[in-house]
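Asker: So that we are looking at the same thing, I have put the structure below in structure tokens.
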Amino acid sequence: MEIGLTHFLVISVVLFTFGTAMIVTRRNAVMVLMGLELLLNAAGINFVAFSRFTPAVSGHTNPLNHLSGDITALFVIVLAAAEAAVALAIVLNIYNTFNTIDVDEVDALRE
Amino acid sequence: MFESAISLGSGGLGLLASAESGGGSWNSGGLYVLAFYLFAALAVVPGIFLLMVRDVVRAAFLLLGSLSGVAGLYALLGAEFIAFAQVLVYIGGILILLLFGVMLTNREPILLHGAPTHQLVLPGVIVGAVSLVGLLYVATSYSWQAAPIDSARIGYSAKNLGFLLMTDYVLPFEIASVLLLVALIGAAMIARRKGLTQEPE
């Protein structure tokens, strides 16, 4: 049995829906961030799977351009690190201000 | 040095795979299929439990399992550099950061913080199920123009990724480095303790 593109796409879709469900149903802000990380991982798997299963298109100026999905997945990892740092800084600030990180209770725009 | 080790490792795996299947393509060997299902289970099964746990620390370790499974899937797709980057950055950086966030933000008992909202569990499940069915239908029924690049594996190495980053993708590379700098400075500024810095009168 051959593992094709569809197998990796199914994994990506399943991880995507788990991440979305975590973001929607969780009250703890850190849990929401974990769902976000699952979401970004699903996107990365999608990128690399398409990059692997797409034939190299002739006529490109750079013959290595079929690796563009890999490059995008790399940048997704970098951006996920940056936004995790900023998001956790915001969560810490919220905790210092409101004394809770329940996303349902943090509903005031002023201190 | 690392490149030879990586090529030895993947060459060994390829030899094992082709030995099982009798010279088929790279993705039909028995060992490859077994490894795929193992890493797929490692990626997906903690995701199922993540929706059900109440404890934040347990959720963090389930996320660790899921990220390791995704790293294994990257390696099975041939992108070894991205698999290593995933382990280093996601597991070694972001997950540790999340654990620090968990550690610094619980003064009350941990169990209270993880419970999902009762009003939102049913809509969340419905949204998840509908989107899962829809996306699975699209992913499996559409005939992708999928042609796996042959065993020559043109260009799948860290050297070629680095070459692309320096020639075609140098602008996103520079922007990403500036963004990382700005994000880290901003995060340090947002999370600083109030009251330690006095504004000048």
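Chain labels A, B, ... are given in the sequence in which chains occur in the structure tokens; within each chain residues are numbered consecutively from 1, and ligands are likewise numbered from 1 in the order shown.
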Select from chain A every residue with an atom at most 6 Å from any atom of chain B, then for each give the shortest pair of atoms and their distance in Å to one decimal, using only C-alpha atoms, rows by chain and rising number, as a Markdown table.
Answerer:
```
| residue | atom | partner | partner_atom | distance |
| --- | --- | --- | --- | --- |
| A:Met1 | CA | B:Ser28 | CA | 5.9 |
| A:Glu2 | CA | B:Ser28 | CA | 4.4 |
| A:Ile3 | CA | B:Asn27 | CA | 5.7 |
| A:Thr6 | CA | B:Thr140 | CA | 5.9 |
| A:Thr17 | CA | B:Gly128 | CA | 5.5 |
| A:Ala21 | CA | B:Gly124 | CA | 5.5 |
| A:Val24 | CA | B:Gly124 | CA | 5.7 |
| A:Thr25 | CA | B:Leu120 | CA | 5.5 |
| A:Arg26 | CA | B:Pro116 | CA | 4.8 |
| A:Arg27 | CA | B:Pro116 | CA | 5.7 |
| A:Asn28 | CA | B:His113 | CA | 5.8 |
| A:Phe53 | CA | B:Pro148 | CA | 4.4 |
| A:Thr54 | CA | B:Ala146 | CA | 5.8 |
| A:Pro55 | CA | B:Ala147 | CA | 5.7 |
| A:Ala81 | CA | B:Ile94 | CA | 6.0 |
| A:Ala82 | CA | B:Leu180 | CA | 5.7 |
| A:Val86 | CA | B:Ala187 | CA | 4.7 |
| A:Ala89 | CA | B:Ala191 | CA | 4.8 |
| A:Asn93 | CA | B:Ala191 | CA | 5.6 |
```
Asker: Limited to all heavy atoms, could you put the picked residues into a file as a tab-separated table (two decimals), in the first residue's frame?
Answerer:
```tsv
chain	number	residue	atom	x	y	z
A	1	MET	N	0.84	-1.21	0.00
A	1	MET	CA	0.00	0.00	0.00
A	1	MET	C	0.86	1.24	0.00
A	1	MET	O	1.80	1.34	0.77
A	1	MET	CB	-0.86	-0.03	1.25
A	1	MET	CG	-1.66	1.22	1.40
A	1	MET	SD	-2.61	1.18	2.89
A	1	MET	CE	-3.01	2.88	3.04
A	2	GLU	N	0.56	2.15	-0.84
A	2	GLU	CA	1.43	3.30	-1.03
A	2	GLU	C	0.91	4.49	-0.26
A	2	GLU	O	-0.29	4.81	-0.29
A	2	GLU	CB	1.49	3.64	-2.53
A	2	GLU	CG	2.68	4.44	-2.91
A	2	GLU	CD	2.85	4.43	-4.41
A	2	GLU	OE1	3.14	3.36	-4.95
A	2	GLU	OE2	2.66	5.49	-5.02
A	3	ILE	N	1.82	5.13	0.44
A	3	ILE	CA	1.45	6.34	1.18
A	3	ILE	C	1.51	7.50	0.21
A	3	ILE	O	2.57	7.84	-0.29
A	3	ILE	CB	2.41	6.57	2.35
A	3	ILE	CG1	2.41	5.36	3.28
A	3	ILE	CG2	2.06	7.80	3.11
A	3	ILE	CD1	1.16	5.20	4.04
A	6	THR	N	-2.65	12.10	-0.16
A	6	THR	CA	-3.91	12.16	0.57
A	6	THR	C	-3.73	11.78	2.03
A	6	THR	O	-4.39	12.34	2.91
A	6	THR	CB	-4.93	11.22	-0.08
A	6	THR	OG1	-4.81	11.32	-1.49
A	6	THR	CG2	-6.33	11.59	0.32
A	17	THR	N	-8.62	20.51	12.62
A	17	THR	CA	-9.91	20.57	13.34
A	17	THR	C	-9.71	20.41	14.84
A	17	THR	O	-10.43	21.03	15.63
A	17	THR	CB	-10.86	19.49	12.84
A	17	THR	OG1	-10.16	18.26	12.81
A	17	THR	CG2	-11.37	19.82	11.47
A	21	ALA	N	-11.03	23.18	17.44
A	21	ALA	CA	-11.92	22.82	18.54
A	21	ALA	C	-11.32	23.24	19.87
A	21	ALA	O	-12.04	23.70	20.77
A	21	ALA	CB	-12.18	21.32	18.53
A	24	VAL	N	-11.82	26.98	20.33
A	24	VAL	CA	-13.22	27.38	20.58
A	24	VAL	C	-13.67	26.99	21.97
A	24	VAL	O	-14.38	27.74	22.64
A	24	VAL	CB	-14.12	26.75	19.50
A	24	VAL	CG1	-15.56	26.87	19.87
A	24	VAL	CG2	-13.87	27.41	18.17
A	25	THR	N	-13.26	25.81	22.46
A	25	THR	CA	-13.88	25.30	23.68
A	25	THR	C	-13.08	25.51	24.94
A	25	THR	O	-13.58	25.22	26.02
A	25	THR	CB	-14.13	23.79	23.56
A	25	THR	OG1	-12.87	23.15	23.39
A	25	THR	CG2	-15.01	23.48	22.39
A	26	ARG	N	-11.87	26.03	24.87
A	26	ARG	CA	-11.07	26.11	26.07
A	26	ARG	C	-11.20	27.46	26.74
A	26	ARG	O	-11.29	28.48	26.06
A	26	ARG	CB	-9.60	25.85	25.76
A	26	ARG	CG	-9.31	24.42	25.44
A	26	ARG	CD	-9.69	23.52	26.54
A	26	ARG	NE	-9.20	22.18	26.36
A	26	ARG	CZ	-9.35	21.23	27.26
A	26	ARG	NH1	-9.95	21.48	28.38
A	26	ARG	NH2	-8.87	20.04	27.04
A	27	ARG	N	-11.18	27.45	28.07
A	27	ARG	CA	-11.27	28.71	28.81
A	27	ARG	C	-9.93	29.26	29.20
A	27	ARG	O	-9.76	30.45	29.34
A	27	ARG	CB	-12.06	28.48	30.11
A	27	ARG	CG	-13.53	28.47	29.91
A	27	ARG	CD	-14.17	27.98	31.14
A	27	ARG	NE	-14.56	29.09	32.00
A	27	ARG	CZ	-15.12	28.91	33.18
A	27	ARG	NH1	-15.31	27.71	33.64
A	27	ARG	NH2	-15.50	29.95	33.90
A	28	ASN	N	-8.98	28.38	29.41
A	28	ASN	CA	-7.66	28.82	29.82
A	28	ASN	C	-6.92	29.39	28.62
A	28	ASN	O	-6.91	28.78	27.54
A	28	ASN	CB	-6.89	27.61	30.37
A	28	ASN	CG	-5.68	28.03	31.16
A	28	ASN	OD1	-5.22	29.15	31.06
A	28	ASN	ND2	-5.16	27.10	31.93
A	53	PHE	N	5.17	16.37	-2.99
A	53	PHE	CA	4.45	15.63	-4.01
A	53	PHE	C	4.16	16.45	-5.25
A	53	PHE	O	3.36	16.04	-6.07
A	53	PHE	CB	3.13	15.12	-3.43
A	53	PHE	CG	3.32	13.92	-2.56
A	53	PHE	CD1	3.41	14.05	-1.20
A	53	PHE	CD2	3.43	12.68	-3.12
A	53	PHE	CE1	3.60	12.95	-0.40
A	53	PHE	CE2	3.59	11.56	-2.34
A	53	PHE	CZ	3.68	11.70	-0.97
A	54	THR	N	4.78	17.60	-5.38
A	54	THR	CA	4.60	18.39	-6.59
A	54	THR	C	5.81	18.22	-7.48
A	54	THR	O	6.93	18.41	-7.03
A	54	THR	CB	4.42	19.87	-6.23
A	54	THR	OG1	3.33	19.98	-5.34
A	54	THR	CG2	4.15	20.69	-7.46
A	55	PRO	N	5.63	17.88	-8.73
A	55	PRO	CA	6.80	17.72	-9.58
A	55	PRO	C	7.45	19.06	-9.85
A	55	PRO	O	6.83	20.11	-9.79
A	55	PRO	CB	6.23	17.13	-10.88
A	55	PRO	CG	4.81	17.53	-10.86
A	55	PRO	CD	4.40	17.59	-9.43
A	81	ALA	N	7.06	30.83	16.61
A	81	ALA	CA	7.87	31.14	17.79
A	81	ALA	C	7.68	32.59	18.20
A	81	ALA	O	7.49	32.89	19.39
A	81	ALA	CB	9.35	30.88	17.49
A	82	ALA	N	7.68	33.50	17.23
A	82	ALA	CA	7.53	34.92	17.57
A	82	ALA	C	6.16	35.19	18.19
A	82	ALA	O	6.04	35.87	19.22
A	82	ALA	CB	7.72	35.77	16.31
A	86	VAL	N	5.07	36.62	22.05
A	86	VAL	CA	4.23	37.81	22.29
A	86	VAL	C	2.93	37.42	22.99
A	86	VAL	O	2.47	38.10	23.93
A	86	VAL	CB	3.97	38.54	20.96
A	86	VAL	CG1	3.01	39.68	21.17
A	86	VAL	CG2	5.26	39.05	20.39
A	89	ALA	N	3.52	36.79	26.60
A	89	ALA	CA	3.74	38.04	27.32
A	89	ALA	C	2.41	38.73	27.62
A	89	ALA	O	2.19	39.24	28.72
A	89	ALA	CB	4.64	38.97	26.50
A	93	ASN	N	0.69	39.55	31.26
A	93	ASN	CA	0.20	40.88	31.59
A	93	ASN	C	-1.25	40.81	32.06
A	93	ASN	O	-1.63	41.47	33.04
A	93	ASN	CB	0.33	41.78	30.37
A	93	ASN	CG	0.54	43.21	30.76
A	93	ASN	OD1	0.46	43.55	31.93
A	93	ASN	ND2	0.82	44.04	29.78
```
Asker: Could you tell me how far CA of Ala29 in chain A lies from CA of Ile101 in chain A, in Å and to one decimal?
Answerer: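 For CA of Ala29 in chain A relative to CA of Ile101 in chain A, the distance reads 5.8 Å.
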Asker: Between B:Ala75, B:Val87, B:Ile175, B:Ile96, which one has atoms that come closest to Asp70 in chain A, using only C-alpha atoms?
Answerer: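 Comparing B:Ala75, B:Val87, B:Ile175, B:Ile96 against Asp70 in chain A, the winner is B:Ala75.
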Asker: Would you kindly return, as a list in words, each protein, DNA or RNA residue with an atom no farther than 7 Å from any atom of Ala49 in chain A, considering only C-alpha atoms and excluding same-chain residues fewer than 2 positions away?
Answerer: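 My reading of the contact set: Leu5, Phe8, Ile45, Asn46, Phe47, Ser51, Arg52 and Phe53 of chain A; Leu77 of chain B.
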Asker: With all heavy atoms retained, could you export that selection as a compact mmCIF listing (two decimals), in the first residue's frame?
Answerer:
```txt
# COMPACT_ATOMS: atom_id res chain seq x y z
N LEU A 5 -0.17 11.50 -1.23
CA LEU A 5 -0.41 12.85 -0.73
C LEU A 5 -1.64 12.90 0.16
O LEU A 5 -1.67 13.62 1.17
CB LEU A 5 -0.58 13.79 -1.93
CG LEU A 5 -0.97 15.22 -1.63
CD1 LEU A 5 0.13 15.89 -0.88
CD2 LEU A 5 -1.24 15.95 -2.92
N PHE A 8 -1.16 12.34 3.99
CA PHE A 8 -0.64 13.48 4.75
C PHE A 8 -1.67 14.59 4.85
O PHE A 8 -1.74 15.30 5.86
CB PHE A 8 0.65 14.00 4.09
CG PHE A 8 1.80 13.06 4.26
CD1 PHE A 8 2.17 12.20 3.24
CD2 PHE A 8 2.51 13.02 5.44
CE1 PHE A 8 3.21 11.33 3.40
CE2 PHE A 8 3.57 12.16 5.61
CZ PHE A 8 3.92 11.30 4.58
N ILE A 45 2.51 20.81 7.97
CA ILE A 45 2.47 19.49 7.33
C ILE A 45 1.89 19.60 5.93
O ILE A 45 2.37 18.97 4.98
CB ILE A 45 1.65 18.52 8.18
CG1 ILE A 45 2.44 18.03 9.37
CG2 ILE A 45 1.18 17.35 7.38
CD1 ILE A 45 3.37 16.91 9.04
N ASN A 46 0.86 20.43 5.79
CA ASN A 46 0.24 20.64 4.48
C ASN A 46 1.24 21.19 3.48
O ASN A 46 1.37 20.70 2.36
CB ASN A 46 -0.91 21.62 4.66
CG ASN A 46 -2.04 21.34 3.72
OD1 ASN A 46 -1.88 20.57 2.78
ND2 ASN A 46 -3.18 21.95 3.96
N PHE A 47 1.99 22.21 3.91
CA PHE A 47 2.97 22.82 3.01
C PHE A 47 4.02 21.82 2.57
O PHE A 47 4.34 21.70 1.37
CB PHE A 47 3.66 23.98 3.73
CG PHE A 47 2.93 25.29 3.63
CD1 PHE A 47 2.55 25.97 4.77
CD2 PHE A 47 2.65 25.84 2.41
CE1 PHE A 47 1.88 27.16 4.68
CE2 PHE A 47 1.98 27.04 2.32
CZ PHE A 47 1.59 27.71 3.46
N SER A 51 4.83 20.28 -1.09
CA SER A 51 6.14 20.51 -1.66
C SER A 51 6.79 19.20 -2.08
O SER A 51 7.49 19.13 -3.08
CB SER A 51 7.02 21.23 -0.63
OG SER A 51 8.36 21.03 -0.93
N ARG A 52 6.53 18.14 -1.34
CA ARG A 52 7.14 16.86 -1.66
C ARG A 52 6.47 16.20 -2.85
O ARG A 52 7.11 15.54 -3.65
CB ARG A 52 7.02 15.94 -0.44
CG ARG A 52 7.69 14.62 -0.58
CD ARG A 52 9.18 14.81 -0.68
NE ARG A 52 9.88 13.56 -0.75
CZ ARG A 52 10.09 12.90 -1.89
NH1 ARG A 52 9.63 13.37 -3.01
NH2 ARG A 52 10.75 11.77 -1.86
N PHE A 53 5.17 16.37 -2.99
CA PHE A 53 4.45 15.63 -4.01
C PHE A 53 4.16 16.45 -5.25
O PHE A 53 3.36 16.04 -6.07
CB PHE A 53 3.13 15.12 -3.43
CG PHE A 53 3.32 13.92 -2.56
CD1 PHE A 53 3.41 14.05 -1.20
CD2 PHE A 53 3.43 12.68 -3.12
CE1 PHE A 53 3.60 12.95 -0.40
CE2 PHE A 53 3.59 11.56 -2.34
CZ PHE A 53 3.68 11.70 -0.97
N LEU B 77 8.52 12.71 5.10
CA LEU B 77 8.31 13.39 3.82
C LEU B 77 9.61 13.78 3.16
O LEU B 77 9.62 14.32 2.06
CB LEU B 77 7.48 14.66 4.04
CG LEU B 77 5.98 14.45 4.09
CD1 LEU B 77 5.31 15.68 4.59
CD2 LEU B 77 5.48 14.11 2.71
```
Asker: In Å, with one decimal, what is the gap from CA of Ala42 in chain A to CA of Val14 in chain A?
Answerer: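 Distance between the two atoms: 8.1 Å.
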Asker: Which of these residues is nearest to Gly35 in chain A, using only C-alpha atoms: A:Ala108, A:Leu15, A:Ile23, A:Leu79?
Answerer: A:Ile23
Asker: Can you list, as an NGL selection string, every residue of range 7-111 of chain A that DSSP puts in alpha helix (DSSP H)?
Answerer: :A and (7-25 or 29-53 or 68-98)
Asker: Could you tell me which of A:Leu33, A:Ile71, A:Leu40, A:Val76 comes closest to Val91 in chain A if we count only C-alpha atoms?
Answerer: A:Leu33
Asker: Rank nothing, just name the residue among A:Asn41, A:Thr20, A:Ser12, A:Asn99 nearest to Val78 in chain A, using only C-alpha atoms.
Answerer: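 With only C-alpha atoms as the atom set, the closest residue is A:Asn41.
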Asker: In Å, rounded to a single decimal, give me how far CA of Phe16 in chain A is from CA of Leu39 in chain A.
Answerer: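 So the two atoms, CA of Leu39 in chain A and CA of Phe16 in chain A, lie 5.0 Å apart.
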